[in-house]
file coords.txt (compact mmCIF, C-alpha atoms and all ligand atoms)
# COMPACT_ATOMS: atom_id res chain seq x y z
CA MET B 17 0.65 -22.96 44.62
CA THR B 18 1.98 -19.80 42.96
CA THR B 19 3.94 -19.83 39.72
CA PRO B 20 6.92 -17.43 39.26
CA SER B 21 4.76 -15.06 37.17
CA GLN B 22 2.22 -14.79 40.02
CA GLN B 23 4.78 -13.72 42.61
CA PRO B 24 5.53 -10.04 43.30
CA SER B 25 8.27 -8.73 40.98
CA LYS B 26 11.66 -7.82 42.39
CA LYS B 27 13.59 -4.93 40.89
CA PRO B 28 16.38 -6.31 38.65
CA GLU B 29 19.97 -5.15 39.13
CA THR B 30 20.05 -3.46 35.73
CA ASP B 31 16.72 -1.77 35.15
CA PRO B 32 16.07 -0.08 31.78
CA PHE B 33 13.48 2.12 33.50
CA GLY B 34 15.41 4.74 35.48
CA PRO B 35 14.22 7.01 38.30
CA GLU B 36 12.64 9.50 35.88
CA ILE B 37 10.40 6.85 34.27
CA GLU B 38 9.62 5.45 37.70
CA GLU B 39 8.49 8.90 38.83
CA GLN B 40 6.33 9.30 35.73
CA ALA B 41 4.81 5.87 36.35
CA GLN B 42 3.89 7.00 39.86
CA GLN B 43 2.34 10.20 38.45
CA LEU B 44 0.15 7.98 36.26
CA ALA B 45 -0.85 5.80 39.20
CA ALA B 46 -1.83 8.92 41.19
CA ARG B 47 -4.27 10.01 38.47
CA TYR B 48 -6.75 7.24 39.31
CA PRO B 49 -8.78 6.39 42.42
CA GLN B 50 -7.43 2.85 42.08
CA ALA B 51 -3.79 2.74 40.99
CA ARG B 52 -4.26 -0.41 38.88
CA SER B 53 -6.40 1.65 36.47
CA ALA B 54 -3.13 3.25 35.31
CA LEU B 55 -1.97 0.00 33.71
CA LEU B 56 -3.00 0.92 30.15
CA PRO B 57 -1.12 4.27 30.01
CA MET B 58 1.78 2.71 31.92
CA LEU B 59 2.20 0.05 29.24
CA HIS B 60 2.43 2.88 26.69
CA LEU B 61 5.07 4.54 28.90
CA VAL B 62 7.03 1.28 28.87
CA GLN B 63 6.79 1.18 25.08
CA SER B 64 8.09 4.75 24.86
CA VAL B 65 11.31 3.54 26.52
CA GLN B 66 11.94 0.24 24.74
CA GLY B 67 9.69 0.37 21.66
CA TYR B 68 7.70 -2.65 22.88
CA VAL B 69 6.44 -4.32 26.03
CA SER B 70 9.32 -6.54 27.11
CA GLN B 71 9.26 -8.99 30.01
CA GLU B 72 11.18 -6.31 31.95
CA GLY B 73 8.41 -3.84 31.08
CA ILE B 74 5.77 -6.23 32.38
CA ALA B 75 7.72 -6.68 35.62
CA PHE B 76 8.13 -2.88 35.92
CA CYS B 77 4.36 -2.26 35.66
CA ALA B 78 3.67 -5.09 38.11
CA ARG B 79 6.03 -3.51 40.68
CA GLN B 80 4.60 -0.02 40.21
CA LEU B 81 0.98 -1.13 40.58
CA ASP B 82 1.33 -4.00 43.01
CA LEU B 83 0.03 -6.48 40.46
CA THR B 84 1.35 -9.88 39.47
CA GLU B 85 3.22 -10.28 36.20
CA ALA B 86 0.47 -12.66 35.08
CA GLU B 87 -2.13 -9.88 35.53
CA VAL B 88 -0.04 -7.39 33.55
CA SER B 89 0.70 -9.97 30.81
CA ALA B 90 -3.00 -10.74 30.45
CA VAL B 91 -3.66 -7.07 29.60
CA ALA B 92 -0.53 -6.51 27.49
CA THR B 93 -1.27 -9.51 25.26
CA PHE B 94 -4.97 -8.63 24.80
CA TYR B 95 -4.61 -5.29 23.00
CA THR B 96 -2.90 -5.01 19.61
CA MET B 97 -1.41 -1.59 20.42
CA TYR B 98 0.97 -3.28 22.87
CA LYS B 99 3.76 -4.79 20.84
CA ARG B 100 5.59 -7.98 21.79
CA LYS B 101 8.57 -7.36 19.54
CA PRO B 102 10.67 -4.15 19.23
CA CYS B 103 9.11 -1.74 16.73
CA GLY B 104 10.81 0.31 14.07
CA GLU B 105 11.22 4.09 14.24
CA HIS B 106 7.86 4.15 12.49
CA LEU B 107 4.83 1.87 12.74
CA VAL B 108 2.89 1.72 9.46
CA SER B 109 -0.65 0.38 9.94
CA VAL B 110 -2.60 -0.37 6.78
CA CYS B 111 -6.36 -0.72 7.17
CA THR B 112 -7.40 -3.99 5.55
CA ASN B 113 -10.87 -4.08 7.07
CA THR B 114 -13.80 -4.62 4.71
CA LEU B 115 -14.40 -1.13 3.33
CA CYS B 116 -10.75 -0.12 2.91
CA ALA B 117 -9.91 -3.61 1.60
CA ALA B 118 -12.55 -3.28 -1.11
CA LEU B 119 -11.33 0.24 -1.98
CA GLY B 120 -7.70 -0.91 -2.37
CA GLY B 121 -6.35 -1.50 1.17
CA ASP B 122 -5.44 -5.12 0.42
CA GLU B 123 -3.49 -4.02 -2.65
CA ILE B 124 -1.71 -1.30 -0.63
CA TYR B 125 -0.69 -3.80 2.06
CA LYS B 126 0.53 -6.30 -0.54
CA ARG B 127 2.54 -3.66 -2.40
CA LEU B 128 4.16 -2.33 0.81
CA SER B 129 4.91 -5.80 2.06
CA GLU B 130 6.69 -6.66 -1.21
CA HIS B 131 8.40 -3.27 -1.44
CA LEU B 132 9.74 -3.40 2.14
CA GLY B 133 10.66 -7.10 2.00
CA GLU B 134 14.16 -8.22 1.17
CA ASP B 135 15.55 -10.96 -1.07
CA GLY B 136 12.17 -11.57 -2.63
CA LYS B 137 10.57 -12.30 0.76
CA PRO B 138 7.63 -9.95 1.52
CA LEU B 139 7.69 -8.26 4.92
CA GLY B 140 5.17 -10.01 7.18
CA HIS B 141 2.63 -8.61 9.64
CA GLU B 142 4.44 -6.94 12.59
CA GLU B 143 7.83 -7.50 10.97
CA THR B 144 10.41 -4.74 10.77
CA VAL B 145 12.71 -3.62 8.01
CA GLY B 146 15.92 -2.08 9.38
CA GLU B 147 17.17 -2.26 12.95
CA PRO B 148 14.22 -1.68 15.33
CA GLY B 149 14.36 1.83 16.80
CA GLU B 150 17.09 3.00 14.40
CA PRO B 151 16.34 5.89 12.01
CA GLY B 152 14.43 4.78 8.93
CA SER B 153 13.32 1.42 10.35
CA ILE B 154 9.69 0.52 9.67
CA THR B 155 7.33 -2.00 11.21
CA LEU B 156 4.42 -2.97 8.97
CA GLU B 157 1.09 -4.24 10.23
CA HIS B 158 -2.43 -5.03 9.09
CA ALA B 159 -4.96 -2.94 11.02
CA GLU B 160 -8.66 -3.36 11.65
CA CYS B 161 -11.01 -0.43 10.91
CA LEU B 162 -9.12 2.79 11.75
CA ALA B 163 -12.36 4.77 12.09
CA ALA B 164 -11.77 6.81 8.95
CA CYS B 165 -13.86 4.82 6.45
CA ASP B 166 -14.97 8.06 4.77
CA PHE B 167 -11.36 8.58 3.63
CA GLY B 168 -10.63 4.98 2.67
CA PRO B 169 -8.37 3.42 1.89
CA VAL B 170 -6.35 4.82 4.80
CA LEU B 171 -3.15 4.01 6.57
CA GLN B 172 -1.54 5.41 9.68
CA VAL B 173 2.06 6.14 10.55
CA ASN B 174 2.54 6.12 14.32
CA TYR B 175 -1.27 6.45 14.53
CA GLU B 176 -1.39 9.66 12.42
CA TYR B 177 -3.67 9.49 9.38
CA PHE B 178 -2.76 9.39 5.70
CA ASP B 179 -6.11 9.43 3.89
CA ASN B 180 -7.23 8.35 0.41
CA GLN B 181 -4.19 6.22 -0.27
CA THR B 182 -3.09 4.34 -3.37
CA PRO B 183 -0.31 1.73 -3.62
CA GLU B 184 1.89 4.32 -5.36
CA LYS B 185 1.31 7.01 -2.68
CA ALA B 186 1.98 4.48 0.08
CA VAL B 187 5.27 3.38 -1.50
CA GLU B 188 6.35 7.04 -1.82
CA LEU B 189 5.45 7.56 1.83
CA VAL B 190 7.51 4.64 3.18
CA ASP B 191 10.44 5.58 0.94
CA ALA B 192 10.36 9.09 2.45
CA LEU B 193 10.28 7.59 5.95
CA ARG B 194 13.26 5.38 5.14
CA ARG B 195 15.19 8.46 3.95
CA GLY B 196 14.54 10.08 7.33
CA GLU B 197 11.84 12.48 6.16
CA LYS B 198 8.64 13.14 8.13
CA PRO B 199 5.82 13.73 5.61
CA GLN B 200 2.91 15.75 6.98
CA PRO B 201 -0.11 13.57 7.84
CA THR B 202 -3.44 14.49 6.22
CA ARG B 203 -4.66 15.90 9.55
CA GLY B 204 -3.73 15.99 13.22
CA ALA B 205 -0.28 16.37 14.76
CA PRO B 206 2.97 16.43 12.77
CA LEU B 207 4.77 13.12 12.36
CA THR B 208 7.32 12.18 15.01
CA ASP B 209 8.27 8.56 15.73
CA PHE B 210 6.70 5.53 17.40
CA ARG B 211 8.34 6.01 20.81
CA SER B 212 7.44 9.72 21.04
CA VAL B 213 3.82 8.92 20.23
CA GLU B 214 3.81 6.20 22.88
CA ARG B 215 4.77 8.89 25.41
CA GLN B 216 1.77 10.93 24.30
CA LEU B 217 -0.49 7.88 24.58
CA ALA B 218 0.81 7.50 28.13
CA GLY B 219 -0.47 11.03 28.77
CA PHE B 220 2.73 13.12 28.52
CA PHE B 221 2.39 15.73 25.79
CA PRO B 222 4.84 18.21 24.23
CA GLU B 223 4.48 21.63 25.82
CA ASP B 224 4.47 23.69 22.63
CA ASP B 225 1.62 25.73 21.15
CA VAL B 226 2.11 24.43 17.61
CA PHE B 227 1.51 20.86 18.77
CA ARG B 228 -1.63 21.91 20.66
CA SER B 229 -3.11 23.88 17.79
CA ASP B 230 -2.49 21.00 15.34
CA VAL B 231 -4.14 18.50 17.65
CA ASP B 232 -7.05 20.76 18.57
CA SER B 233 -7.81 21.94 15.03
CA PRO B 234 -11.12 20.85 13.47
CA SER B 235 -10.98 17.43 11.82
CA GLN B 236 -14.40 17.24 10.18
CA ALA B 237 -14.36 17.14 6.40
CA VAL B 238 -17.03 17.31 3.71
CA GLU B 239 -17.01 13.49 3.49
CA THR B 240 -17.47 13.10 7.24
CA LEU B 241 -20.44 15.47 7.33
CA ARG B 242 -22.12 14.16 4.14
CA GLY B 243 -24.95 12.35 6.01
CA ALA B 244 -25.68 15.35 8.24
CA GLN B 245 -25.62 17.65 5.19
CA LEU B 246 -28.04 15.43 3.21
CA ALA B 247 -30.42 15.30 6.18
CA ALA B 248 -30.27 19.09 6.54
CA ASP B 249 -30.88 19.63 2.79
CA ARG B 250 -33.93 17.32 2.85
CA GLY B 251 -35.32 18.52 6.15
CA TRP B 252 -34.89 15.13 7.86
CA THR B 253 -34.72 15.10 11.64
CA ALA B 254 -34.50 12.34 14.21
CA PRO B 255 -37.48 12.00 16.60
CA ALA B 256 -36.95 14.15 19.70
CA MET B 257 -36.05 12.31 22.88
CA PRO B 258 -39.05 12.54 25.27
CA ASP B 259 -38.25 14.27 28.55
CA ASP B 260 -39.67 11.35 30.52
CA ALA B 261 -37.93 8.49 28.67
CA PRO B 262 -37.43 5.63 31.15
CA LEU B 263 -33.79 4.86 31.84
CA PRO B 264 -32.60 1.39 32.84
CA GLU B 265 -31.91 0.79 36.51
CA VAL B 266 -28.23 0.81 37.37
CA GLU B 267 -27.27 -1.39 40.23
CA ALA B 268 -25.30 0.55 42.87
CA LYS B 269 -21.85 -0.89 43.62
S1 LIG B 301 -12.60 0.12 7.05
FE1 LIG B 301 -10.73 1.25 6.91
S2 LIG B 301 -11.08 2.95 8.21
FE2 LIG B 301 -12.90 1.79 8.38

call {"tool": "encode", "arguments": {"input": "coords.txt", "output": "structure tokens"}}
result
Amino acid sequence: MTTPSQQPSKKPETDPFGPEIEEQAQQLAARYPQARSALLPMLHLVQSVQGYVSQEGIAFCARQLDLTEAEVSAVATFYTMYKRKPCGEHLVSVCTNTLCAALGGDEIYKRLSEHLGEDGKPLGHEETVGEPGEPGSITLEHAECLAACDFGPVLQVNYEYFDNQTPEKAVELVDALRRGEKPQPTRGAPLTDFRSVERQLAGFFPEDDVFRSDVDSPSQAVETLRGAQLAADRGWTAPAMPDDAPLPEVEAK
């Protein structure tokens, strides 16, 4: 017996995903030998339209890729980058994993949550201050290790890095965002907004040279290279890989 979520999706009469998004979804599907592999970028495309993965978004992906809604839901609910509630103009992710937490990440999260909360009620994980999608609205979330431990404590705005944070710097940052400003991240691309970044994560990038040069510029820093530098200074090297090292058998599929 099939449940409604296992049946093929029919296109609703009012579809928030117009012909242009449908065409882009098909471009994504064409990038892979098996169309279903395009599900991850397609979910980002859906988020670029609505600011989250709605039930309509799940049905849209299912129709585009000939999957059931249950299959799409299973993926969309597994990864934390797919949001189940509409996000603010900006998504602020504070790393509260062990290293950042010990360096002050917990304090930063607590301060932001109290600062952005209203009527004495701190803003909770994945809650939004302001009308989702409207200018100045912010969604706050705890994040696991953001892969920038050498700059901890860190936070991200729309996945762009703000390194070496303090509670005071983080409060200044969110206040600037609420005023409509776009402070420059410590490295990487200039700040835009959550939905624009979701389009990039879907694989559609701005066509301008400034964007490219910001993204392609070197991102190593002294802190990142400290281990390599120490090894070089002390003459340490890793044992060379022998030319005849046995490799594990890989079963042909
Ligand atoms: S623990 Fe925060 S970036 Fe790794």

call {"tool": "residues_near_ligand", "arguments": {"input": "coords.txt", "ligand": "ligand LIG 301 (chain B)", "cutoff": "8 Å", "atoms": "all atoms listed in the file", "output": "compact mmCIF listing (two decimals) with C-alpha atoms, in the coordinates of the input"}}
result
# COMPACT_ATOMS: atom_id res chain seq x y z
CA CYS B 111 -6.36 -0.72 7.17
CA THR B 112 -7.40 -3.99 5.55
CA ASN B 113 -10.87 -4.08 7.07
CA THR B 114 -13.80 -4.62 4.71
CA LEU B 115 -14.40 -1.13 3.33
CA CYS B 116 -10.75 -0.12 2.91
CA ALA B 117 -9.91 -3.61 1.60
CA GLY B 121 -6.35 -1.50 1.17
CA GLU B 160 -8.66 -3.36 11.65
CA CYS B 161 -11.01 -0.43 10.91
CA LEU B 162 -9.12 2.79 11.75
CA ALA B 163 -12.36 4.77 12.09
CA ALA B 164 -11.77 6.81 8.95
CA CYS B 165 -13.86 4.82 6.45
CA ASP B 166 -14.97 8.06 4.77
CA PHE B 167 -11.36 8.58 3.63
CA GLY B 168 -10.63 4.98 2.67
CA PRO B 169 -8.37 3.42 1.89
CA VAL B 170 -6.35 4.82 4.80

call {"tool": "atom_distance", "arguments": {"input": "coords.txt", "atom1": "atom CA of Ser64 of chain B", "atom2": "atom CA of Val108 of chain B"}}
result
16.5 Å

call {"tool": "closest_residue", "arguments": {"input": "coords.txt", "among": "B:Ala159, B:Ala248, B:Val187, B:Leu59", "to": "Arg100 of chain B", "atoms": "all atoms listed in the file"}}
result
B:Leu59

call {"tool": "closest_residue", "arguments": {"input": "coords.txt", "among": "B:Gly67, B:Val226, B:Ala192, B:Cys77", "to": "Glu147 of chain B", "atoms": "only C-alpha atoms"}}
result
B:Gly67

call {"tool": "atom_distance", "arguments": {"input": "coords.txt", "atom1": "atom CA of Ser153 of chain B", "atom2": "atom CA of Phe221 of chain B"}}
result
23.7 Å

call {"tool": "atom_distance", "arguments": {"input": "coords.txt", "atom1": "atom CA of Leu189 of chain B", "atom2": "atom CA of Tyr177 of chain B"}}
result
12.0 Å

call {"tool": "residues_around", "arguments": {"input": "coords.txt", "residues": "segment 90-96 of chain B", "least_positions_apart": "4", "cutoff": "9 Å", "atoms": "all atoms listed in the file", "output": "VMD selection string"}}
result
chain B and resid 55 to 56 59 69 74 85 to 86 100

call {"tool": "closest_atom_pairs", "arguments": {"input": "coords.txt", "of": "segment 70-123 of chain B", "to": "segment 206-213 of chain B", "cutoff": "10 Å", "atoms": "only C-alpha atoms", "output": "Markdown table"}}
result
| residue | atom | partner | partner_atom | distance |
| --- | --- | --- | --- | --- |
| B:Cys103 | CA | B:Phe210 | CA | 7.7 |
| B:Gly104 | CA | B:Phe210 | CA | 7.4 |
| B:Glu105 | CA | B:Asp209 | CA | 5.6 |
| B:His106 | CA | B:Phe210 | CA | 5.2 |
| B:Leu107 | CA | B:Phe210 | CA | 6.2 |
| B:Val108 | CA | B:Phe210 | CA | 9.6 |

call {"tool": "residues_around", "arguments": {"input": "coords.txt", "residues": "Leu61 of chain B", "least_positions_apart": "4", "cutoff": "8 Å", "atoms": "only C-alpha atoms", "output": "PyMOL selection string"}}
result
chain B and resi 37+41+57+65+214-215+217-218

call {"tool": "write_last_selection", "arguments": {"input": "coords.txt", "atoms": "C-alpha atoms", "output": "short mmCIF file (atom, residue, chain, number, x, y, z; two decimals), in the frame of the given file"}}
result
data_model
loop_
_atom_site.label_atom_id
_atom_site.label_comp_id
_atom_site.auth_asym_id
_atom_site.auth_seq_id
_atom_site.Cartn_x
_atom_site.Cartn_y
_atom_site.Cartn_z
CA ILE B 37 10.40 6.85 34.27
CA ALA B 41 4.81 5.87 36.35
CA PRO B 57 -1.12 4.27 30.01
CA VAL B 65 11.31 3.54 26.52
CA GLU B 214 3.81 6.20 22.88
CA ARG B 215 4.77 8.89 25.41
CA LEU B 217 -0.49 7.88 24.58
CA ALA B 218 0.81 7.50 28.13
#

call {"tool": "closest_residue", "arguments": {"input": "coords.txt", "among": "B:Thr84, B:Ser235, B:Thr155, B:Thr182", "to": "Tyr68 of chain B", "atoms": "all atoms listed in the file"}}
result
B:Thr155

call {"tool": "closest_residue", "arguments": {"input": "coords.txt", "among": "B:Ala247, B:Ala78, B:Val110, B:Val145", "to": "Asn180 of chain B", "atoms": "all atoms listed in the file"}}
result
B:Val110

call {"tool": "residues_around", "arguments": {"input": "coords.txt", "residues": "Phe227 of chain B", "least_positions_apart": "4", "cutoff": "10 Å", "atoms": "all atoms listed in the file", "output": "PyMOL selection string"}}
result
chain B and resi 204-206+221-223+231-232

call {"tool": "residues_around", "arguments": {"input": "coords.txt", "residues": "Gln40 of chain B", "least_positions_apart": "4", "cutoff": "9 Å", "atoms": "all atoms listed in the file", "output": "list in words"}}
result
Pro35, Glu36, Leu44, Ala45, Met58, Leu61 and Phe220 of chain B

call {"tool": "closest_residue", "arguments": {"input": "coords.txt", "among": "B:Arg47, B:Lys101, B:Lys126, B:His131", "to": "Asp191 of chain B", "atoms": "all atoms listed in the file"}}
result
B:His131

call {"tool": "axis_aligned_box", "arguments": {"input": "coords.txt", "around": "segment 158-171 of chain B", "padding_each_side": "3 Å", "output": "lines of an AutoDock Vina configuration file"}}
result
center_x = -8.7
center_y = 1.8
center_z = 7.0
size_x = 18.5
size_y = 19.6
size_z = 16.2

call {"tool": "closest_residue", "arguments": {"input": "coords.txt", "among": "B:Asp260, B:Asp225, B:Glu38, B:Glu142", "to": "Lys99 of chain B", "atoms": "all atoms listed in the file"}}
result
B:Glu142
